[in-house]
>>> print(open('input35.txt').read())   # compact mmCIF, C-alpha atoms
# COMPACT_ATOMS: atom_id res chain seq x y z
CA MET A 13 -36.84 -18.82 26.90
CA ARG A 14 -40.20 -18.33 25.24
CA THR A 15 -42.70 -21.14 25.75
CA THR A 16 -46.06 -21.66 24.08
CA HIS A 17 -49.26 -21.71 26.10
CA PRO A 18 -51.76 -24.29 24.77
CA GLY A 19 -54.79 -22.30 25.84
CA PHE A 20 -54.65 -19.14 23.73
CA SER A 21 -54.28 -17.73 20.25
CA VAL A 22 -53.65 -14.13 19.16
CA LEU A 23 -55.55 -12.02 16.66
CA LEU A 24 -53.13 -9.48 15.19
CA GLY A 25 -53.21 -7.02 12.32
CA PRO A 26 -52.62 -3.43 11.17
CA ASP A 27 -54.77 -0.55 12.37
CA TYR A 28 -58.40 -0.68 11.14
CA ALA A 29 -58.09 -4.30 10.02
CA GLY A 30 -61.30 -5.09 11.90
CA LYS A 31 -59.97 -6.97 14.94
CA SER A 32 -62.40 -5.39 17.41
CA SER A 33 -65.33 -6.20 15.13
CA VAL A 34 -64.16 -9.80 14.84
CA MET A 35 -63.82 -10.05 18.61
CA SER A 36 -67.36 -8.71 19.00
CA GLU A 37 -68.61 -11.27 16.50
CA PHE A 38 -66.87 -14.02 18.49
CA ALA A 39 -68.55 -12.72 21.65
CA SER A 40 -72.01 -13.03 20.11
CA SER A 41 -71.59 -16.21 18.04
CA SER A 42 -68.98 -18.20 20.00
CA PRO A 43 -69.76 -17.76 23.71
CA SER A 44 -67.46 -20.65 24.65
CA TRP A 45 -64.43 -18.53 23.68
CA ARG A 46 -62.77 -16.32 26.26
CA LEU A 47 -61.84 -12.96 24.74
CA ILE A 48 -58.99 -10.91 26.19
CA SER A 49 -58.49 -7.31 25.09
CA THR A 50 -57.84 -3.82 26.41
CA ASP A 51 -60.89 -2.62 24.47
CA GLU A 52 -63.43 -1.37 27.01
CA ARG A 53 -66.21 -3.62 25.72
CA PHE A 54 -64.18 -6.67 26.81
CA LEU A 55 -62.90 -5.36 30.15
CA GLN A 56 -64.34 -6.57 33.44
CA PRO A 57 -65.55 -3.82 35.83
CA ALA A 58 -62.58 -4.57 38.09
CA HIS A 59 -60.27 -3.62 35.24
CA ALA A 60 -61.89 -0.31 34.29
CA LEU A 61 -58.56 1.40 35.04
CA ILE A 62 -57.13 -0.13 31.86
CA GLY A 63 -59.77 1.61 29.78
CA ARG A 64 -59.17 4.93 31.49
CA LEU A 65 -55.41 4.67 30.94
CA ARG A 66 -55.96 3.83 27.30
CA ARG A 67 -58.16 6.90 26.82
CA ASP A 68 -55.72 9.15 28.68
CA VAL A 69 -52.80 7.97 26.54
CA ALA A 70 -54.77 8.71 23.35
CA VAL A 71 -56.05 12.11 24.51
CA ASP A 72 -53.22 13.50 26.64
CA VAL A 73 -49.99 11.73 25.71
CA LEU A 74 -49.97 10.89 22.01
CA PRO A 75 -50.71 14.43 20.77
CA SER A 76 -47.59 15.60 22.66
CA LEU A 77 -45.38 12.62 21.88
CA GLY A 78 -41.83 13.83 21.28
CA THR A 79 -42.43 17.21 22.93
CA ASP A 80 -44.04 17.06 26.38
CA TYR A 81 -43.81 13.26 26.55
CA SER A 82 -40.86 11.09 25.51
CA PRO A 83 -41.11 7.72 23.73
CA GLU A 84 -39.81 6.10 26.95
CA PHE A 85 -42.60 7.65 29.03
CA THR A 86 -45.20 6.64 26.45
CA ALA A 87 -43.91 3.06 26.35
CA SER A 88 -44.05 2.91 30.15
CA LEU A 89 -47.76 3.72 30.05
CA LEU A 90 -48.40 1.29 27.21
CA GLN A 91 -46.73 -1.43 29.25
CA THR A 92 -49.75 -1.41 31.59
CA ALA A 93 -51.79 -2.86 28.71
CA VAL A 94 -49.14 -5.48 27.96
CA VAL A 95 -48.96 -6.66 31.57
CA HIS A 96 -52.74 -6.68 31.89
CA LEU A 97 -53.03 -8.99 28.87
CA ARG A 98 -50.31 -11.25 30.29
CA ASP A 99 -52.09 -11.41 33.64
CA ARG A 100 -55.42 -12.31 32.06
CA ILE A 101 -53.75 -15.05 29.99
CA GLU A 102 -52.05 -16.54 33.02
CA ALA A 103 -55.34 -16.48 34.95
CA SER A 104 -57.19 -18.31 32.16
CA ASP A 105 -57.95 -22.01 32.01
CA PRO A 106 -55.51 -23.62 29.51
CA SER A 107 -58.24 -26.03 28.44
CA SER A 108 -60.61 -23.21 27.40
CA PRO A 109 -60.23 -21.63 23.93
CA THR A 110 -58.98 -18.06 24.37
CA LEU A 111 -58.42 -15.32 21.80
CA VAL A 112 -56.19 -12.36 22.69
CA ASP A 113 -56.31 -9.04 20.86
CA SER A 114 -52.80 -8.16 19.58
CA TYR A 115 -50.97 -9.14 22.82
CA TYR A 116 -47.64 -7.26 23.12
CA TYR A 117 -46.65 -7.65 19.46
CA LYS A 118 -48.40 -4.57 18.12
CA ILE A 119 -47.47 -2.35 21.08
CA LEU A 120 -43.81 -3.34 20.77
CA ALA A 121 -43.82 -2.53 17.05
CA LYS A 122 -45.44 0.86 17.69
CA CYS A 123 -42.95 1.70 20.43
CA ARG A 124 -40.15 1.00 17.97
CA LEU A 125 -41.80 3.20 15.35
CA ALA A 126 -42.12 5.97 17.98
CA GLY A 127 -38.33 6.03 18.27
CA LEU A 128 -37.71 3.58 21.11
CA ARG A 129 -35.65 1.16 19.07
CA ASP A 130 -34.53 -1.00 22.00
CA ASN A 131 -35.51 -1.13 25.64
CA PRO A 132 -35.17 -3.62 28.53
CA MET A 133 -38.99 -3.86 28.56
CA TYR A 134 -38.88 -5.66 25.22
CA THR A 135 -36.78 -8.50 26.62
CA TRP A 136 -39.27 -8.91 29.46
CA TRP A 137 -42.30 -8.88 27.14
CA ARG A 138 -40.70 -11.50 24.92
CA SER A 139 -40.35 -13.80 27.93
CA PHE A 140 -44.15 -13.88 28.36
CA PRO A 141 -46.15 -17.02 27.42
CA GLN A 142 -46.47 -17.45 23.68
CA PRO A 143 -49.65 -18.44 21.81
CA ARG A 144 -50.19 -21.65 19.97
CA ARG A 145 -51.01 -19.64 16.83
CA VAL A 146 -51.30 -16.07 15.56
CA VAL A 147 -54.01 -15.17 13.08
CA PHE A 148 -52.86 -12.09 11.19
CA LEU A 149 -55.88 -10.19 9.90
CA ASP A 150 -54.53 -8.30 6.91
CA VAL A 151 -56.03 -5.31 5.15
CA SER A 152 -54.88 -2.98 2.39
CA THR A 153 -53.69 0.45 3.45
CA ALA A 154 -56.30 2.03 1.15
CA THR A 155 -59.12 0.14 2.89
CA ALA A 156 -57.70 0.93 6.32
CA TRP A 157 -57.50 4.62 5.41
CA ARG A 158 -61.18 4.65 4.40
CA ARG A 159 -62.13 2.85 7.62
CA SER A 160 -60.30 5.53 9.62
CA GLY A 161 -62.67 8.12 8.19
CA ASN A 162 -59.91 9.28 5.85
CA GLY A 163 -57.72 9.97 8.87
CA ALA A 164 -60.35 11.49 11.16
CA ALA A 165 -60.14 8.64 13.69
CA THR A 166 -56.35 8.24 13.68
CA ASN A 167 -53.87 8.96 16.46
CA ARG A 168 -50.15 9.78 16.42
CA LEU A 169 -49.20 6.09 16.51
CA GLU A 170 -50.96 5.37 13.22
CA TYR A 171 -49.29 7.62 10.64
CA TYR A 172 -46.10 9.50 9.80
CA GLY A 173 -46.03 13.28 9.64
CA ASP A 174 -47.53 16.22 11.47
CA ARG A 175 -51.07 15.34 10.41
CA PRO A 176 -52.71 12.30 8.83
CA ASP A 177 -52.73 11.96 5.07
CA PRO A 178 -52.93 8.88 2.82
CA LYS A 179 -49.20 8.78 2.07
CA GLY A 180 -48.01 9.09 5.68
CA PHE A 181 -50.66 6.62 6.82
CA ALA A 182 -49.71 4.03 4.19
CA ALA A 183 -45.99 4.36 4.93
CA TYR A 184 -46.55 3.89 8.67
CA GLN A 185 -48.93 0.96 8.28
CA THR A 186 -46.59 -0.79 5.85
CA LYS A 187 -43.70 -0.49 8.33
CA LEU A 188 -45.95 -1.55 11.22
CA ARG A 189 -47.03 -4.65 9.31
CA ARG A 190 -43.42 -5.63 8.63
CA LEU A 191 -42.34 -5.17 12.24
CA MET A 192 -45.27 -7.17 13.60
CA LEU A 193 -44.64 -10.06 11.21
CA ASP A 194 -40.98 -10.01 12.16
CA GLU A 195 -41.91 -10.13 15.87
CA ILE A 196 -44.05 -13.24 15.40
CA SER A 197 -41.73 -15.03 12.98
CA HIS A 198 -40.98 -17.73 15.60
CA LEU A 199 -44.67 -18.70 15.82
CA PRO A 200 -47.21 -20.51 13.62
CA VAL A 201 -48.95 -17.72 11.69
CA THR A 202 -52.02 -17.79 9.45
CA VAL A 203 -52.70 -14.70 7.33
CA ILE A 204 -56.35 -13.97 6.56
CA ARG A 205 -57.46 -11.11 4.36
CA ALA A 206 -60.11 -8.97 6.01
CA GLN A 207 -63.47 -9.30 4.27
CA GLY A 208 -66.30 -6.83 4.10
CA ASP A 209 -68.56 -9.26 5.96
CA ILE A 210 -67.40 -9.48 9.58
CA ALA A 211 -69.31 -12.72 10.17
CA GLN A 212 -67.49 -14.38 7.25
CA THR A 213 -64.13 -13.10 8.48
CA ALA A 214 -64.83 -14.39 11.99
CA GLN A 215 -65.92 -17.75 10.58
CA ALA A 216 -62.68 -18.05 8.60
CA ILE A 217 -60.66 -17.33 11.74
CA ARG A 218 -62.75 -19.75 13.81
CA LYS A 219 -62.11 -22.48 11.22
CA VAL A 220 -58.34 -21.96 11.36
CA LEU A 221 -58.33 -22.18 15.14
CA SER A 222 -60.78 -25.09 15.30
CA ASP A 223 -58.82 -27.11 12.74
CA GLU A 224 -55.76 -26.81 14.95
CA ASP A 225 -57.64 -28.52 17.80
CA ARG A 226 -58.33 -31.61 15.72
>>> encode(input="input35.txt", output="structure tokens")
Amino acid sequence: MRTTHPGFSVLLGPDYAGKSSVMSEFASSSPSWRLISTDERFLQPAHALIGRLRRDVAVDVLPSLGTDYSPEFTASLLQTAVVHLRDRIEASDPSSPTLVDSYYYKILAKCRLAGLRDNPMYTWWRSFPQPRRVVFLDVSTATAWRRSGNGAATNRLEYYGDRPDPKGFAAYQTKLRRLMLDEISHLPVTVIRAQGDIAQTAQAIRKVLSDEDR
């Protein structure tokens, strides 16, 4: 049975929606918020391993996904991020406002898109504490493609095809968006369109989450 946890919310969205930038804006403008992410800038020194694993997956595993490394092996490595986020949530003070980057929702969707349609890990992940709300930071595929440097910054879990191009990127991101929204359909969700001004986007998200506390 999935239960909500009163102390945290999740910031979710497609690739290049601007989640990391919003989290950084929260860090500088809302110091009372606890920010949980596998992004290295938000990791404690004791958790540096998570950053190294993330880099190794991107550099060594994803380029050989489907050849040297199976979807099952890749998902097993990605699970370290999922469990780390769960552990940090469970160690947090429920009375403190906490924002979690993507949680397991995005990783689960990407594992499915990599060919692992069902796996016992998914049942376990879905038993983890659930947030009080998900803010879905949405962005057009055209904008996301430009933000990726026209594909230069992408990895194999961000587009369809042998190499990134606008069509394969848009098709993948559209499917990813649908799968993520389906995964969070049991939760309160607020969709916010990403704006060019990160401070304005962060303020819009902060207002949604603050209004819920009233």
>>> residues_around(input="input35.txt", residues="stretch 147-156 of chain A", least_positions_apart="2", cutoff="6 Å", atoms="all atoms listed in the file", output="NGL selection string")
:A and (23-25 or 28-29 or 158-159 or 182 or 201-206)
>>> closest_residue(input="input35.txt", among="A:Asn162, A:Ser32, A:Ser76, A:Ser197", to="A:Ala214", atoms="only C-alpha atoms")
A:Ser32
>>> closest_residue(input="input35.txt", among="A:Tyr81, A:Met35, A:Arg46, A:Leu120", to="A:Gln215", atoms="all atoms listed in the file")
A:Met35
>>> residues_around(input="input35.txt", residues="A:Phe38", least_positions_apart="5", cutoff="12 Å", atoms="all atoms listed in the file", output="JSON list (two decimals) with C-alpha atoms, in the frame of the given file")
[["chain", "number", "residue", "atom", "x", "y", "z"],
["A", 23, "LEU", "CA", -55.55, -12.02, 16.66],
["A", 31, "LYS", "CA", -59.97, -6.97, 14.94],
["A", 32, "SER", "CA", -62.40, -5.39, 17.41],
["A", 33, "SER", "CA", -65.33, -6.20, 15.13],
["A", 43, "PRO", "CA", -69.76, -17.76, 23.71],
["A", 44, "SER", "CA", -67.46, -20.65, 24.65],
["A", 45, "TRP", "CA", -64.43, -18.53, 23.68],
["A", 46, "ARG", "CA", -62.77, -16.32, 26.26],
["A", 47, "LEU", "CA", -61.84, -12.96, 24.74],
["A", 48, "ILE", "CA", -58.99, -10.91, 26.19],
["A", 54, "PHE", "CA", -64.18, -6.67, 26.81],
["A", 109, "PRO", "CA", -60.23, -21.63, 23.93],
["A", 110, "THR", "CA", -58.98, -18.06, 24.37],
["A", 111, "LEU", "CA", -58.42, -15.32, 21.80],
["A", 112, "VAL", "CA", -56.19, -12.36, 22.69],
["A", 113, "ASP", "CA", -56.31, -9.04, 20.86],
["A", 210, "ILE", "CA", -67.40, -9.48, 9.58],
["A", 211, "ALA", "CA", -69.31, -12.72, 10.17],
["A", 212, "GLN", "CA", -67.49, -14.38, 7.25],
["A", 213, "THR", "CA", -64.13, -13.10, 8.48],
["A", 214, "ALA", "CA", -64.83, -14.39, 11.99],
["A", 215, "GLN", "CA", -65.92, -17.75, 10.58],
["A", 216, "ALA", "CA", -62.68, -18.05, 8.60],
["A", 217, "ILE", "CA", -60.66, -17.33, 11.74],
["A", 218, "ARG", "CA", -62.75, -19.75, 13.81]]
>>> closest_residue(input="input35.txt", among="A:Pro83, A:Gly19, A:Pro26, A:Gly127", to="A:Gln142", atoms="all atoms listed in the file")
A:Gly19
>>> atom_distance(input="input35.txt", atom1="atom CA of A:Val95", atom2="atom CA of A:Arg66")
13.3 Å
>>> residues_near_point(input="input35.txt", point="(-56.7, 5.5, 33.4)", cutoff="12 Å", atoms="all atoms listed in the file", output="VMD selection string")
chain A and resid 50 52 59 to 73 89 to 90 92 to 93
>>> residues_around(input="input35.txt", residues="A:Leu188", least_positions_apart="3", cutoff="7 Å", atoms="all atoms listed in the file", output="number ranges by chain")
A: 26, 121-122, 184-185, 191-192
>>> closest_residue(input="input35.txt", among="A:Val220, A:Gln56, A:Ala126, A:Asp99", to="A:Gly173", atoms="all atoms listed in the file")
A:Ala126
>>> closest_residue(input="input35.txt", among="A:Arg98, A:Gly30, A:Arg124, A:Leu199", to="A:Arg144", atoms="all atoms listed in the file")
A:Leu199
>>> closest_residue(input="input35.txt", among="A:Ser222, A:Pro106, A:Ser21, A:Cys123", to="A:Ser82", atoms="only C-alpha atoms")
A:Cys123
>>> atom_distance(input="input35.txt", atom1="atom CA of A:Ser42", atom2="atom CA of A:Phe140")
26.6 Å
>>> atom_distance(input="input35.txt", atom1="atom CA of A:Gly163", atom2="atom CA of A:Lys179")
11.0 Å
>>> axis_aligned_box(input="input35.txt", around="stretch 102-113 of chain A", padding_each_side="6 Å", output="lines of an AutoDock Vina configuration file")
center_x = -56.3
center_y = -17.5
center_z = 27.9
size_x = 20.6
size_y = 29.0
size_z = 26.1
>>> build_atoms(input="input35.txt", residues="stretch 78-93 of chain A", atoms="N, CA, C and O atoms", output="mmCIF file, in the coordinates of the input")
data_model
loop_
_atom_site.group_PDB
_atom_site.id
_atom_site.type_symbol
_atom_site.label_atom_id
_atom_site.label_comp_id
_atom_site.auth_asym_id
_atom_site.auth_seq_id
_atom_site.Cartn_x
_atom_site.Cartn_y
_atom_site.Cartn_z
ATOM 1 N N GLY A 78 -43.037 13.234 21.840
ATOM 2 C CA GLY A 78 -41.830 13.830 21.280
ATOM 3 C C GLY A 78 -41.598 15.256 21.731
ATOM 4 O O GLY A 78 -40.532 15.816 21.476
ATOM 5 N N THR A 79 -42.596 15.852 22.392
ATOM 6 C CA THR A 79 -42.430 17.210 22.930
ATOM 7 C C THR A 79 -42.574 17.159 24.446
ATOM 8 O O THR A 79 -41.605 17.120 25.175
ATOM 9 N N ASP A 80 -43.810 17.126 24.931
ATOM 10 C CA ASP A 80 -44.040 17.060 26.380
ATOM 11 C C ASP A 80 -43.791 15.655 26.936
ATOM 12 O O ASP A 80 -43.495 15.502 28.126
ATOM 13 N N TYR A 81 -43.953 14.636 26.092
ATOM 14 C CA TYR A 81 -43.810 13.260 26.550
ATOM 15 C C TYR A 81 -42.826 12.504 25.638
ATOM 16 O O TYR A 81 -42.962 12.532 24.406
ATOM 17 N N SER A 82 -41.874 11.827 26.257
ATOM 18 C CA SER A 82 -40.860 11.090 25.510
ATOM 19 C C SER A 82 -41.382 9.723 25.084
ATOM 20 O O SER A 82 -42.364 9.214 25.655
ATOM 21 N N PRO A 83 -40.738 9.089 24.093
ATOM 22 C CA PRO A 83 -41.110 7.720 23.730
ATOM 23 C C PRO A 83 -41.004 6.765 24.917
ATOM 24 O O PRO A 83 -41.818 5.855 25.060
ATOM 25 N N GLU A 84 -39.984 6.978 25.784
ATOM 26 C CA GLU A 84 -39.810 6.100 26.950
ATOM 27 C C GLU A 84 -41.000 6.214 27.907
ATOM 28 O O GLU A 84 -41.499 5.203 28.419
ATOM 29 N N PHE A 85 -41.457 7.446 28.148
ATOM 30 C CA PHE A 85 -42.600 7.650 29.030
ATOM 31 C C PHE A 85 -43.853 7.003 28.421
ATOM 32 O O PHE A 85 -44.623 6.328 29.119
ATOM 33 N N THR A 86 -44.041 7.216 27.132
ATOM 34 C CA THR A 86 -45.200 6.640 26.450
ATOM 35 C C THR A 86 -45.189 5.128 26.527
ATOM 36 O O THR A 86 -46.210 4.486 26.821
ATOM 37 N N ALA A 87 -44.020 4.522 26.282
ATOM 38 C CA ALA A 87 -43.910 3.060 26.350
ATOM 39 C C ALA A 87 -44.182 2.551 27.755
ATOM 40 O O ALA A 87 -44.773 1.476 27.931
ATOM 41 N N SER A 88 -43.788 3.316 28.766
ATOM 42 C CA SER A 88 -44.050 2.910 30.150
ATOM 43 C C SER A 88 -45.544 2.826 30.422
ATOM 44 O O SER A 88 -46.015 1.929 31.132
ATOM 45 N N LEU A 89 -46.305 3.761 29.878
ATOM 46 C CA LEU A 89 -47.760 3.720 30.050
ATOM 47 C C LEU A 89 -48.366 2.569 29.247
ATOM 48 O O LEU A 89 -49.272 1.877 29.724
ATOM 49 N N LEU A 90 -47.877 2.368 28.034
ATOM 50 C CA LEU A 90 -48.400 1.290 27.210
ATOM 51 C C LEU A 90 -48.110 -0.077 27.820
ATOM 52 O O LEU A 90 -48.851 -1.044 27.588
ATOM 53 N N GLN A 91 -47.064 -0.155 28.618
ATOM 54 C CA GLN A 91 -46.730 -1.430 29.250
ATOM 55 C C GLN A 91 -47.846 -1.903 30.189
ATOM 56 O O GLN A 91 -48.007 -3.101 30.417
ATOM 57 N N THR A 92 -48.643 -0.983 30.728
ATOM 58 C CA THR A 92 -49.750 -1.410 31.590
ATOM 59 C C THR A 92 -50.707 -2.320 30.817
ATOM 60 O O THR A 92 -51.241 -3.288 31.372
ATOM 61 N N ALA A 93 -50.928 -2.019 29.541
ATOM 62 C CA ALA A 93 -51.790 -2.860 28.710
ATOM 63 C C ALA A 93 -51.157 -4.222 28.482
ATOM 64 O O ALA A 93 -51.822 -5.264 28.558
#
